[in-house]
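*Asks:* Please see the structure below; I have some questions.
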Number of protein chains: 2
Amino acid sequence: MKWDALEEEPCSLARTIGVIGDRWSLLILRECFLRTRRFEGFQSALGITRHLLAERLKKLVRQGVLRRIPYREAPKRHEYILTQKGLDLYPVMMALVHWGDTHMVDERGRPLLHEHRKCGKLFNPVMVCSECGEPLSAKEVHTHPGPGARPASPRLPVDKPAKAKRSRQAA
Amino acid sequence: MKWDALEEEPCSLARTIGVIGDRWSLLILRECFLRTRRFEGFQSALGITRHLLAERLKKLVRQGVLRRIPYREAPKRHEYILTQKGLDLYPVMMALVHWGDTHMVDERGRPLLHEHRKCGKLFNPVMVCSECGEPLSAKEVHTHPGPGARPASPRLPVDKPAKAKRSRQAA
DNA sequence: TTCATACAGTTCTAAAAATGAACTGTCAAT
DNA sequence: ATTGACAGTTCATTTTTAGAACTGTATGAA
């Protein structure tokens, strides 16, 4: 599969991965959320090669996730800051962080705690249903093809029936 | 940076990326959530090379995200199914999908709609504070070092002060 | 009995991407 | 005149990925 083809897939997950689904983009964005704005800042915080950093920043700008803003004229210098589209990735970041907090901590505990300014408490992010407010889990969600679904699509086979007859020895 | 080093970083986001932050793992997991379980199913749905698919499945099993369960003896065959750790990635998937739905759809609209069985409505996933239930945004959250933070860490410099004096021409 | 097909991989070579290190160019401070 | 900060670019080397073919067990068909 060509990697750019992802953005044309009739799947919002695939398209999102086309934008931020490589090894570095999310780490660069982590730095953005931690208020890093400049090339050297990203580079020294992440240890990414300068070559790749330049590439990734360009891509994120092209995708509208970051904006490149001049902050000095003489030797042209720019800062990279999150656009609204970029800020909207916050739930993605929090979901990833929370999974790591839940499943990947060592005996010492979480590296970072989050405080919600509105209520003043340390919190966990919870994914809820916009309609009823209940926390979501995979089993309580049913998917339907939407208007942008591929018309007659063999792309997401929910099952491969018909051929599984043979495995009756276990059923 | 060695890629395995990510899992030792004192950052839950980095550790999570160490597990699922490559080009294919999240797409494989998408298929898992859509109830694909077998090698051929993943391969034909994704178009991933067989070689990589085998590698990624092994890694996901090693990480405890998938479990490899025999479903036929004669020619040994296995199914890959989500563990609880894997199911816990659901908020990550939903966050990614929702961002794609918001920022990456074409004129035709969303490829997939989600229905919440509990309330019967089509919904969007919303990330809220576990303490007060309000939706979260980056600006309302303050981070503190937790118990697992690196002791004297120059790893996540919130700023590079001291040297920025020169750029006063703009300030 | 032979042949084709399903399934779950493994092996191999070529192509693409990432790493590491050095280099470029502008300006400020010394 | 020299040094250092900053934001890249260039290039050789290494690592990953893609693409295709191959392996091996078993089933069903001819």
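Convention: chains lettered A, B, ... in structure tokens order; per-chain residue numbering from 1; ligands numbered from 1 as shown.
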List as a Markdown table every residue of chain D that is in contact with segment 72-91 of chain B, defined as an atom at most 9 Å from one of its atoms (using only C-alpha atoms (C1' of nucleotides)), together with the nearest atom pair and the distance in Å rounded to one decimal, sorted by chain and then rising number.
*Replies:*
```
| residue | atom | partner | partner_atom | distance |
| --- | --- | --- | --- | --- |
| D:DG24 | C1' | B:Pro75 | CA | 8.8 |
| D:DT25 | C1' | B:Pro75 | CA | 5.0 |
| D:DA26 | C1' | B:Pro75 | CA | 6.5 |
```
*Asks:* Dump N, CA and C atoms (P, O5', C5', C4', C3', O3' and C1' of nucleotides) for the selected residues as a compact mmCIF listing (two decimals), in the first residue's frame?
*Replies:*
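again-v9.txt was written with the following content:
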```
# COMPACT_ATOMS: atom_id res chain seq x y z
P DG D 24 8.73 -27.82 3.35
O5' DG D 24 7.42 -28.03 4.23
C5' DG D 24 7.10 -27.15 5.30
C4' DG D 24 5.69 -27.41 5.76
C3' DG D 24 5.18 -28.82 5.40
O3' DG D 24 4.53 -29.36 6.53
C1' DG D 24 3.67 -27.20 4.61
P DT D 25 4.13 -30.96 6.61
O5' DT D 25 2.59 -30.93 7.01
C5' DT D 25 2.17 -30.22 8.17
C4' DT D 25 0.72 -29.86 8.03
C3' DT D 25 -0.19 -31.06 7.76
O3' DT D 25 -1.12 -31.18 8.83
C1' DT D 25 -0.70 -29.24 6.33
P DA D 26 -2.01 -32.52 8.97
O5' DA D 26 -3.29 -32.17 8.09
C5' DA D 26 -4.20 -31.18 8.60
C4' DA D 26 -5.14 -30.77 7.49
C3' DA D 26 -6.02 -31.91 6.93
O3' DA D 26 -7.37 -31.66 7.30
C1' DA D 26 -5.19 -30.46 5.25
```
*Asks:* Using only C-alpha atoms (C1' of nucleotides), which chain D residues lie at most 12 Å away from chain A, written as a list of chain:residue names?
*Replies:*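 So the contacting residues turn out to be D:DA5, D:DC6, D:DA7, D:DG8, D:DT9, D:DT10, D:DC11, D:DT17, D:DA18, D:DG19, D:DA26, D:DT27, D:DG28.
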*Asks:* Keeping C-alpha atoms (C1' of nucleotides), export the residues of the selection given above as a PDB file, in the first residue's frame.
*Replies:*
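Output file part_19.pdb follows:
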```
ATOM      1  C1'  DA D   5      22.735  30.236  18.268  1.00  0.00           C
ATOM      2  C1'  DC D   6      19.430  28.897  15.152  1.00  0.00           C
ATOM      3  C1'  DA D   7      17.043  26.526  11.326  1.00  0.00           C
ATOM      4  C1'  DG D   8      17.633  24.084   8.319  1.00  0.00           C
ATOM      5  C1'  DT D   9      19.997  20.937   4.037  1.00  0.00           C
ATOM      6  C1'  DT D  10      22.965  17.336   2.154  1.00  0.00           C
ATOM      7  C1'  DC D  11      24.679  12.832   1.874  1.00  0.00           C
ATOM      8  C1'  DT D  17       8.965  -2.041   4.336  1.00  0.00           C
ATOM      9  C1'  DA D  18       7.119  -3.771  -0.003  1.00  0.00           C
ATOM     10  C1'  DG D  19       6.401  -7.353  -3.262  1.00  0.00           C
ATOM     11  C1'  DA D  26      -5.194 -30.464   5.252  1.00  0.00           C
ATOM     12  C1'  DT D  27      -9.750 -30.522   2.647  1.00  0.00           C
ATOM     13  C1'  DG D  28     -12.687 -31.159  -1.338  1.00  0.00           C
TER      14       DG D  28
END
```
*Asks:* Going by DSSP on the backbone, which bits of segment 32-145 of chain A are alpha helix (DSSP H)? Write them as an MDAnalysis selection string, please.
*Replies:* chainID A and resid 32:33 39:46 50:62 84:87 90:103
*Asks:* Kindly save the residues from that selection, with N, CA and C atoms included, as a compact mmCIF listing (two decimals), in the first residue's frame.
*Replies:*
```
# COMPACT_ATOMS: atom_id res chain seq x y z
N CYS A 32 4.45 20.09 21.24
CA CYS A 32 3.63 21.27 20.97
C CYS A 32 2.69 21.55 22.14
N PHE A 33 2.05 20.49 22.61
CA PHE A 33 1.11 20.67 23.72
C PHE A 33 1.85 21.09 25.00
N PHE A 39 12.32 24.86 16.29
CA PHE A 39 13.06 23.73 15.74
C PHE A 39 14.03 23.11 16.76
N GLU A 40 14.88 23.93 17.32
CA GLU A 40 15.87 23.39 18.25
C GLU A 40 15.21 22.79 19.48
N GLY A 41 14.11 23.38 19.87
CA GLY A 41 13.39 22.84 21.03
C GLY A 41 12.89 21.44 20.79
N PHE A 42 12.28 21.24 19.63
CA PHE A 42 11.81 19.90 19.28
C PHE A 42 12.99 18.94 19.19
N GLN A 43 14.00 19.40 18.51
CA GLN A 43 15.12 18.50 18.24
C GLN A 43 15.78 18.03 19.53
N SER A 44 16.02 18.97 20.45
CA SER A 44 16.74 18.55 21.64
C SER A 44 15.83 17.79 22.60
N ALA A 45 14.54 18.09 22.57
CA ALA A 45 13.64 17.36 23.46
C ALA A 45 13.43 15.92 23.00
N LEU A 46 13.45 15.73 21.69
CA LEU A 46 13.08 14.41 21.17
C LEU A 46 14.26 13.57 20.70
N ARG A 50 17.55 15.90 12.55
CA ARG A 50 17.12 17.21 12.06
C ARG A 50 16.40 17.06 10.72
N HIS A 51 16.90 16.14 9.95
CA HIS A 51 16.31 15.89 8.64
C HIS A 51 14.84 15.51 8.77
N LEU A 52 14.57 14.53 9.58
CA LEU A 52 13.20 14.07 9.75
C LEU A 52 12.33 15.12 10.41
N LEU A 53 12.90 15.81 11.39
CA LEU A 53 12.13 16.85 12.06
C LEU A 53 11.64 17.88 11.04
N ALA A 54 12.54 18.31 10.18
CA ALA A 54 12.15 19.29 9.17
C ALA A 54 11.03 18.75 8.29
N GLU A 55 11.16 17.50 7.89
CA GLU A 55 10.14 16.86 7.06
C GLU A 55 8.79 16.81 7.75
N ARG A 56 8.81 16.34 8.99
CA ARG A 56 7.56 16.16 9.72
C ARG A 56 6.87 17.49 10.00
N LEU A 57 7.67 18.49 10.34
CA LEU A 57 7.08 19.80 10.59
C LEU A 57 6.41 20.30 9.31
N LYS A 58 7.09 20.12 8.20
CA LYS A 58 6.51 20.54 6.92
C LYS A 58 5.18 19.83 6.67
N LYS A 59 5.19 18.56 6.91
CA LYS A 59 3.97 17.79 6.68
C LYS A 59 2.84 18.24 7.59
N LEU A 60 3.15 18.46 8.85
CA LEU A 60 2.10 18.87 9.79
C LEU A 60 1.57 20.26 9.43
N VAL A 61 2.44 21.10 8.92
CA VAL A 61 1.98 22.42 8.46
C VAL A 61 1.09 22.26 7.24
N ARG A 62 1.55 21.42 6.31
CA ARG A 62 0.78 21.20 5.08
C ARG A 62 -0.61 20.65 5.41
N GLN A 84 -6.29 25.20 15.35
CA GLN A 84 -7.44 24.58 16.01
C GLN A 84 -7.51 23.09 15.66
N LYS A 85 -7.23 22.79 14.40
CA LYS A 85 -7.20 21.39 13.98
C LYS A 85 -6.20 20.60 14.82
N GLY A 86 -5.08 21.22 15.10
CA GLY A 86 -4.08 20.57 15.95
C GLY A 86 -4.55 20.45 17.39
N LEU A 87 -5.11 21.53 17.91
CA LEU A 87 -5.62 21.49 19.29
C LEU A 87 -6.68 20.41 19.45
N TYR A 90 -6.21 16.98 21.01
CA TYR A 90 -6.03 16.78 22.44
C TYR A 90 -6.67 15.49 22.96
N PRO A 91 -7.90 15.20 22.59
CA PRO A 91 -8.47 13.94 23.07
C PRO A 91 -7.67 12.72 22.64
N VAL A 92 -7.07 12.77 21.46
CA VAL A 92 -6.24 11.66 21.02
C VAL A 92 -5.04 11.51 21.96
N MET A 93 -4.39 12.64 22.24
CA MET A 93 -3.24 12.61 23.13
C MET A 93 -3.63 12.07 24.50
N MET A 94 -4.73 12.58 25.01
CA MET A 94 -5.14 12.16 26.34
C MET A 94 -5.51 10.69 26.38
N ALA A 95 -6.13 10.21 25.32
CA ALA A 95 -6.49 8.80 25.28
C ALA A 95 -5.23 7.94 25.28
N LEU A 96 -4.23 8.35 24.52
CA LEU A 96 -2.98 7.60 24.48
C LEU A 96 -2.27 7.65 25.83
N VAL A 97 -2.24 8.83 26.42
CA VAL A 97 -1.59 8.97 27.72
C VAL A 97 -2.30 8.12 28.78
N HIS A 98 -3.61 8.14 28.72
CA HIS A 98 -4.34 7.41 29.74
C HIS A 98 -4.14 5.90 29.60
N TRP A 99 -4.07 5.44 28.37
CA TRP A 99 -3.80 4.01 28.17
C TRP A 99 -2.41 3.66 28.72
N GLY A 100 -1.46 4.52 28.44
CA GLY A 100 -0.11 4.30 28.98
C GLY A 100 -0.11 4.33 30.51
N ASP A 101 -0.87 5.27 31.06
CA ASP A 101 -0.95 5.37 32.51
C ASP A 101 -1.55 4.10 33.10
N THR A 102 -2.48 3.52 32.37
CA THR A 102 -3.17 2.33 32.88
C THR A 102 -2.35 1.06 32.69
N HIS A 103 -1.70 0.95 31.54
CA HIS A 103 -1.08 -0.33 31.20
C HIS A 103 0.43 -0.34 31.08
```
*Asks:* Restrict the distance test to only C-alpha atoms (C1' of nucleotides), flag each residue of chain C within 12 Å of chain B, and return the flagged residues as number ranges by chain.
*Replies:* C: 6-12, 18-20, 27-29
*Asks:* Limited to N, CA and C atoms (P, O5', C5', C4', C3', O3' and C1' of nucleotides), could you put the picked residues into a file as a PDB file, in the first residue's frame?
*Replies:*
```
ATOM      1  P    DA C   6      -9.210 -20.711  -2.439  1.00  0.00           P
ATOM      2  O5'  DA C   6      -9.018 -21.241  -0.949  1.00  0.00           O
ATOM      3  C5'  DA C   6     -10.107 -21.889  -0.297  1.00  0.00           C
ATOM      4  C4'  DA C   6      -9.715 -22.112   1.152  1.00  0.00           C
ATOM      5  C3'  DA C   6      -9.218 -20.850   1.857  1.00  0.00           C
ATOM      6  O3'  DA C   6      -9.800 -20.819   3.149  1.00  0.00           O
ATOM      7  C1'  DA C   6      -7.551 -22.529   1.949  1.00  0.00           C
ATOM      8  P    DC C   7      -9.792 -19.515   4.072  1.00  0.00           P
ATOM      9  O5'  DC C   7      -8.431 -19.700   4.867  1.00  0.00           O
ATOM     10  C5'  DC C   7      -8.331 -20.779   5.793  1.00  0.00           C
ATOM     11  C4'  DC C   7      -6.902 -20.934   6.217  1.00  0.00           C
ATOM     12  C3'  DC C   7      -6.233 -19.641   6.713  1.00  0.00           C
ATOM     13  O3'  DC C   7      -6.101 -19.752   8.118  1.00  0.00           O
ATOM     14  C1'  DC C   7      -4.786 -21.042   5.440  1.00  0.00           C
ATOM     15  P    DA C   8      -5.806 -18.496   9.017  1.00  0.00           P
ATOM     16  O5'  DA C   8      -4.231 -18.636   9.159  1.00  0.00           O
ATOM     17  C5'  DA C   8      -3.723 -19.722   9.915  1.00  0.00           C
ATOM     18  C4'  DA C   8      -2.217 -19.742   9.823  1.00  0.00           C
ATOM     19  C3'  DA C   8      -1.562 -18.389  10.119  1.00  0.00           C
ATOM     20  O3'  DA C   8      -0.426 -18.602  10.949  1.00  0.00           O
ATOM     21  C1'  DA C   8      -0.804 -19.225   8.092  1.00  0.00           C
ATOM     22  P    DG C   9       0.082 -17.438  11.877  1.00  0.00           P
ATOM     23  O5'  DG C   9       0.749 -16.436  10.819  1.00  0.00           O
ATOM     24  C5'  DG C   9       2.130 -16.317  10.682  1.00  0.00           C
ATOM     25  C4'  DG C   9       2.773 -17.505   9.964  1.00  0.00           C
ATOM     26  C3'  DG C   9       4.210 -17.223   9.597  1.00  0.00           C
ATOM     27  O3'  DG C   9       5.040 -17.796  10.574  1.00  0.00           O
ATOM     28  C1'  DG C   9       3.016 -18.292   7.812  1.00  0.00           C
ATOM     29  P    DT C  10       6.489 -17.172  10.729  1.00  0.00           P
ATOM     30  O5'  DT C  10       7.245 -17.629   9.402  1.00  0.00           O
ATOM     31  C5'  DT C  10       7.591 -19.003   9.225  1.00  0.00           C
ATOM     32  C4'  DT C  10       8.483 -19.124   8.004  1.00  0.00           C
ATOM     33  C3'  DT C  10       9.745 -18.258   8.073  1.00  0.00           C
ATOM     34  O3'  DT C  10      10.824 -19.096   7.686  1.00  0.00           O
ATOM     35  C1'  DT C  10       8.551 -17.797   6.083  1.00  0.00           C
ATOM     36  P    DT C  11      12.334 -18.536   7.782  1.00  0.00           P
ATOM     37  O5'  DT C  11      12.654 -18.109   6.274  1.00  0.00           O
ATOM     38  C5'  DT C  11      12.498 -19.064   5.232  1.00  0.00           C
ATOM     39  C4'  DT C  11      12.821 -18.423   3.892  1.00  0.00           C
ATOM     40  C3'  DT C  11      14.039 -17.488   3.906  1.00  0.00           C
ATOM     41  O3'  DT C  11      14.891 -17.860   2.837  1.00  0.00           O
ATOM     42  C1'  DT C  11      12.178 -16.414   2.899  1.00  0.00           C
ATOM     43  P    DC C  12      16.402 -17.300   2.762  1.00  0.00           P
ATOM     44  O5'  DC C  12      16.273 -16.214   1.595  1.00  0.00           O
ATOM     45  C5'  DC C  12      15.857 -16.632   0.291  1.00  0.00           C
ATOM     46  C4'  DC C  12      15.476 -15.403  -0.533  1.00  0.00           C
ATOM     47  C3'  DC C  12      16.511 -14.275  -0.474  1.00  0.00           C
ATOM     48  O3'  DC C  12      17.184 -14.174  -1.725  1.00  0.00           O
ATOM     49  C1'  DC C  12      14.263 -13.468  -0.307  1.00  0.00           C
ATOM     50  P    DA C  18      10.407   7.798   7.673  1.00  0.00           P
ATOM     51  O5'  DA C  18      11.777   7.362   8.341  1.00  0.00           O
ATOM     52  C5'  DA C  18      11.815   6.171   9.105  1.00  0.00           C
ATOM     53  C4'  DA C  18      13.173   6.017   9.761  1.00  0.00           C
ATOM     54  C3'  DA C  18      13.601   7.233  10.589  1.00  0.00           C
ATOM     55  O3'  DA C  18      14.063   6.760  11.841  1.00  0.00           O
ATOM     56  C1'  DA C  18      15.260   6.697   8.969  1.00  0.00           C
ATOM     57  P    DT C  19      14.699   7.784  12.925  1.00  0.00           P
ATOM     58  O5'  DT C  19      16.266   7.599  12.692  1.00  0.00           O
ATOM     59  C5'  DT C  19      16.829   6.310  12.845  1.00  0.00           C
ATOM     60  C4'  DT C  19      18.318   6.364  12.604  1.00  0.00           C
ATOM     61  C3'  DT C  19      19.069   7.386  13.467  1.00  0.00           C
ATOM     62  O3'  DT C  19      20.114   6.688  14.106  1.00  0.00           O
ATOM     63  C1'  DT C  19      19.697   7.583  11.188  1.00  0.00           C
ATOM     64  P    DG C  20      20.873   7.308  15.346  1.00  0.00           P
ATOM     65  O5'  DG C  20      22.133   7.994  14.650  1.00  0.00           O
ATOM     66  C5'  DG C  20      22.856   7.256  13.704  1.00  0.00           C
ATOM     67  C4'  DG C  20      24.062   8.044  13.230  1.00  0.00           C
ATOM     68  C3'  DG C  20      24.529   9.162  14.145  1.00  0.00           C
ATOM     69  O3'  DG C  20      25.938   9.092  14.183  1.00  0.00           O
ATOM     70  C1'  DG C  20      24.021  10.053  12.006  1.00  0.00           C
ATOM     71  P    DC C  27      21.127  38.860   7.708  1.00  0.00           P
ATOM     72  O5'  DC C  27      21.626  38.981   9.215  1.00  0.00           O
ATOM     73  C5'  DC C  27      20.640  38.946  10.248  1.00  0.00           C
ATOM     74  C4'  DC C  27      21.262  38.511  11.536  1.00  0.00           C
ATOM     75  C3'  DC C  27      22.055  39.607  12.254  1.00  0.00           C
ATOM     76  O3'  DC C  27      21.237  40.114  13.308  1.00  0.00           O
ATOM     77  C1'  DC C  27      23.000  37.414  12.487  1.00  0.00           C
ATOM     78  P    DA C  28      21.835  41.271  14.240  1.00  0.00           P
ATOM     79  O5'  DA C  28      22.414  40.445  15.479  1.00  0.00           O
ATOM     80  C5'  DA C  28      21.639  39.422  16.098  1.00  0.00           C
ATOM     81  C4'  DA C  28      22.264  39.082  17.451  1.00  0.00           C
ATOM     82  C3'  DA C  28      22.863  40.289  18.166  1.00  0.00           C
ATOM     83  O3'  DA C  28      22.597  40.182  19.558  1.00  0.00           O
ATOM     84  C1'  DA C  28      24.598  38.738  17.594  1.00  0.00           C
ATOM     85  P    DA C  29      23.224  41.204  20.594  1.00  0.00           P
ATOM     86  O5'  DA C  29      24.526  40.443  21.067  1.00  0.00           O
ATOM     87  C5'  DA C  29      24.409  39.159  21.670  1.00  0.00           C
ATOM     88  C4'  DA C  29      25.788  38.651  22.061  1.00  0.00           C
ATOM     89  C3'  DA C  29      26.612  39.661  22.888  1.00  0.00           C
ATOM     90  O3'  DA C  29      27.193  38.951  23.976  1.00  0.00           O
ATOM     91  C1'  DA C  29      27.835  38.993  20.976  1.00  0.00           C
TER      92       DA C  29
END
```
*Asks:* Using all C-alpha atoms paired in order, least-squares fit chain A onto chain B and give me the moved copy as a CSV table (one decimal) with C-alpha atoms, in the first residue's frame.
*Replies:*
```csv
chain,number,residue,atom,x,y,z
A,1,MET,CA,16.8,7.1,19.1
A,2,LYS,CA,16.4,3.3,19.3
A,3,TRP,CA,12.8,2.6,18.8
A,4,ASP,CA,12.5,0.2,21.7
A,5,ALA,CA,13.9,2.8,24.0
A,6,LEU,CA,10.5,4.5,23.8
A,7,GLU,CA,9.0,2.0,26.3
A,8,GLU,CA,11.5,3.2,28.9
A,9,GLU,CA,10.7,6.9,28.5
A,10,PRO,CA,9.1,8.4,31.6
A,11,CYS,CA,6.1,9.4,29.5
A,12,SER,CA,3.0,7.4,29.1
A,13,LEU,CA,2.4,8.8,25.6
A,14,ALA,CA,5.9,7.7,24.5
A,15,ARG,CA,5.3,4.2,26.0
A,16,THR,CA,2.0,3.9,24.2
A,17,ILE,CA,3.5,4.9,21.0
A,18,GLY,CA,6.2,2.3,21.6
A,19,VAL,CA,3.4,-0.3,21.4
A,20,ILE,CA,1.0,1.0,18.7
A,21,GLY,CA,2.8,3.9,17.2
A,22,ASP,CA,3.9,2.4,13.9
A,23,ARG,CA,2.2,2.6,10.6
A,24,TRP,CA,0.2,-0.6,10.8
A,25,SER,CA,-0.7,-1.5,14.3
A,26,LEU,CA,-3.6,0.8,14.7
A,27,LEU,CA,-5.0,-0.4,11.4
A,28,ILE,CA,-4.7,-4.0,12.5
A,29,LEU,CA,-6.4,-3.1,15.7
A,30,ARG,CA,-9.2,-1.4,13.7
A,31,GLU,CA,-9.8,-4.7,12.1
A,32,CYS,CA,-9.8,-6.4,15.5
A,33,PHE,CA,-12.5,-4.0,16.7
A,34,LEU,CA,-14.4,-4.8,13.5
A,35,ARG,CA,-14.2,-8.5,14.5
A,36,THR,CA,-11.5,-9.7,12.1
A,37,ARG,CA,-9.6,-12.5,13.9
A,38,ARG,CA,-7.5,-14.4,11.3
A,39,PHE,CA,-4.4,-13.9,9.4
A,40,GLU,CA,-5.9,-13.9,6.0
A,41,GLY,CA,-8.7,-11.6,7.2
A,42,PHE,CA,-6.2,-9.0,8.3
A,43,GLN,CA,-4.1,-9.4,5.2
A,44,SER,CA,-6.9,-9.1,2.7
A,45,ALA,CA,-8.6,-6.2,4.5
A,46,LEU,CA,-5.5,-4.2,4.9
A,47,GLY,CA,-3.2,-5.1,2.0
A,48,ILE,CA,-0.3,-5.3,4.4
A,49,THR,CA,2.5,-7.6,3.4
A,50,ARG,CA,2.3,-11.0,5.0
A,51,HIS,CA,5.8,-10.5,6.4
A,52,LEU,CA,4.9,-7.4,8.3
A,53,LEU,CA,1.5,-8.7,9.4
A,54,ALA,CA,3.1,-11.7,11.0
A,55,GLU,CA,5.6,-9.4,12.8
A,56,ARG,CA,3.0,-7.0,14.0
A,57,LEU,CA,0.7,-9.7,15.3
A,58,LYS,CA,3.6,-11.2,17.2
A,59,LYS,CA,4.5,-7.9,18.7
A,60,LEU,CA,0.9,-7.1,19.7
A,61,VAL,CA,0.6,-10.5,21.3
A,62,ARG,CA,3.9,-10.0,23.1
A,63,GLN,CA,2.6,-6.7,24.4
A,64,GLY,CA,-0.5,-8.3,25.7
A,65,VAL,CA,-2.8,-6.4,23.4
A,66,LEU,CA,-3.9,-9.5,21.5
A,67,ARG,CA,-4.2,-13.1,22.5
A,68,ARG,CA,-3.4,-15.9,20.1
A,69,ILE,CA,-5.9,-18.7,20.5
A,70,PRO,CA,-6.0,-22.0,18.7
A,71,TYR,CA,-9.1,-22.7,16.8
A,72,ARG,CA,-8.0,-25.8,14.9
A,73,GLU,CA,-5.5,-28.5,15.6
A,74,ALA,CA,-4.6,-30.4,12.5
A,75,PRO,CA,-2.8,-27.7,10.7
A,76,LYS,CA,-2.3,-25.5,13.7
A,77,ARG,CA,-4.4,-22.4,13.3
A,78,HIS,CA,-4.9,-19.5,15.6
A,79,GLU,CA,-7.2,-16.5,16.0
A,80,TYR,CA,-6.1,-13.1,17.3
A,81,ILE,CA,-8.5,-11.5,19.7
A,82,LEU,CA,-8.3,-8.4,21.8
A,83,THR,CA,-7.4,-8.8,25.4
A,84,GLN,CA,-8.8,-6.4,28.0
A,85,LYS,CA,-5.6,-4.3,27.5
A,86,GLY,CA,-6.5,-4.2,23.8
A,87,LEU,CA,-10.1,-3.4,24.4
A,88,ASP,CA,-9.0,-0.5,26.5
A,89,LEU,CA,-7.6,1.1,23.4
A,90,TYR,CA,-11.1,1.8,22.3
A,91,PRO,CA,-11.0,5.4,23.5
A,92,VAL,CA,-7.9,5.9,21.4
A,93,MET,CA,-9.6,4.5,18.3
A,94,MET,CA,-12.6,6.6,18.9
A,95,ALA,CA,-10.6,9.7,19.4
A,96,LEU,CA,-8.7,9.1,16.2
A,97,VAL,CA,-11.9,8.4,14.3
A,98,HIS,CA,-13.6,11.4,15.6
A,99,TRP,CA,-10.7,13.7,14.6
A,100,GLY,CA,-10.9,12.2,11.2
A,101,ASP,CA,-14.6,12.7,11.1
A,102,THR,CA,-14.2,16.3,12.1
A,103,HIS,CA,-11.2,17.3,9.9
A,104,MET,CA,-10.7,14.8,7.2
A,105,VAL,CA,-14.1,14.0,5.6
A,106,ASP,CA,-14.8,14.8,2.0
A,107,GLU,CA,-18.0,16.3,0.7
A,108,ARG,CA,-19.8,13.0,1.0
A,109,GLY,CA,-19.6,12.9,4.8
A,110,ARG,CA,-18.6,10.3,7.3
A,111,PRO,CA,-17.7,6.8,6.3
A,112,LEU,CA,-19.1,5.3,9.5
A,113,LEU,CA,-21.7,6.3,12.0
A,114,HIS,CA,-21.7,5.1,15.6
A,115,GLU,CA,-24.8,4.1,17.5
A,116,HIS,CA,-24.7,3.8,21.3
A,117,ARG,CA,-26.7,0.7,22.3
A,118,LYS,CA,-27.5,2.0,25.7
A,119,CYS,CA,-29.2,5.1,24.5
A,120,GLY,CA,-30.0,4.1,21.0
A,121,LYS,CA,-28.7,7.3,19.4
A,122,LEU,CA,-26.0,8.2,16.9
A,123,PHE,CA,-23.2,9.9,18.9
A,124,ASN,CA,-19.8,11.5,18.9
A,125,PRO,CA,-17.2,10.4,21.4
A,126,VAL,CA,-16.4,13.2,23.9
A,127,MET,CA,-13.4,13.3,26.2
A,128,VAL,CA,-14.4,14.5,29.7
A,129,CYS,CA,-12.9,15.0,33.1
A,130,SER,CA,-13.4,12.0,35.4
A,131,GLU,CA,-14.0,14.3,38.3
A,132,CYS,CA,-16.4,17.0,37.1
A,133,GLY,CA,-17.6,15.5,33.8
A,134,GLU,CA,-16.8,18.6,31.7
A,135,PRO,CA,-15.3,18.2,28.3
A,136,LEU,CA,-11.6,18.6,28.3
A,137,SER,CA,-9.5,21.0,26.3
A,138,ALA,CA,-5.7,21.5,26.4
A,139,LYS,CA,-5.9,24.9,27.9
A,140,GLU,CA,-7.9,23.9,30.9
A,141,VAL,CA,-5.4,21.2,31.9
A,142,HIS,CA,-2.3,21.8,34.0
A,143,THR,CA,0.3,19.0,34.2
A,144,HIS,CA,2.4,18.1,37.3
A,145,PRO,CA,5.3,15.7,37.6
A,146,GLY,CA,4.0,12.4,39.0
A,147,PRO,CA,5.7,9.8,41.1
A,148,GLY,CA,7.1,8.2,38.0
A,149,ALA,CA,8.7,11.3,36.6
A,150,ARG,CA,12.3,11.4,35.8
A,151,PRO,CA,14.1,12.9,38.9
A,152,ALA,CA,16.1,15.8,37.6
A,153,SER,CA,14.9,15.8,34.0
A,154,PRO,CA,16.0,17.9,31.1
A,155,ARG,CA,13.7,15.8,29.0
A,156,LEU,CA,10.6,17.9,28.7
A,157,PRO,CA,11.8,21.5,28.7
A,158,VAL,CA,8.7,23.6,29.1
A,159,ASP,CA,10.8,26.5,27.8
A,160,LYS,CA,14.2,27.5,26.7
A,161,PRO,CA,14.4,30.7,28.7
A,162,ALA,CA,17.6,32.7,29.3
A,163,LYS,CA,18.6,32.7,25.7
A,164,ALA,CA,15.5,34.3,24.2
A,165,LYS,CA,16.4,37.8,25.3
A,166,ARG,CA,17.6,38.6,21.8
A,167,SER,CA,14.2,38.2,20.3
A,168,ARG,CA,12.9,41.3,22.0
A,169,GLN,CA,12.4,43.1,18.7
A,170,ALA,CA,9.0,41.5,18.6
A,171,ALA,CA,8.0,41.5,22.2
```
*Asks:* Find the residues around DT30 of chain C up to 12 Å (only C-alpha atoms (C1' of nucleotides) counted), leave out those fewer than 4 positions away in its own chain, and share them as a list in words.
*Replies:*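 My reading of the contact set: DA1, DT2, DT3 and DG4 of chain D.
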*Asks:* Enumerate, as a list of chain:residue names, the complete set of residues in segment 18-168 of chain B that a backbone-based DSSP assignment places in strand (DSSP E).
*Replies:* B:Leu66, B:Arg67, B:Arg68, B:Ile69, B:Pro70, B:Tyr71, B:Arg72, B:Arg77, B:His78, B:Glu79, B:Tyr80, B:Ile81, B:Leu82, B:Leu112, B:Leu113, B:His114, B:Glu115, B:His116, B:Pro125, B:Val126, B:Met127, B:Val128, B:Cys129, B:Val141, B:His142, B:Thr143, B:His144, B:Pro145
*Asks:* For atom C1' of DG25 of chain C and atom C1' of DT14 of chain D, quote the distance in Å rounded to one decimal.
*Replies:*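 These two atoms are separated by 29.5 Å.
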*Asks:* Give me the residues within 12 Å of DA30 of chain D as number ranges by chain, counting only C-alpha atoms (C1' of nucleotides) and dropping any in the same chain fewer than 3 places off.
*Replies:* C: 1-4
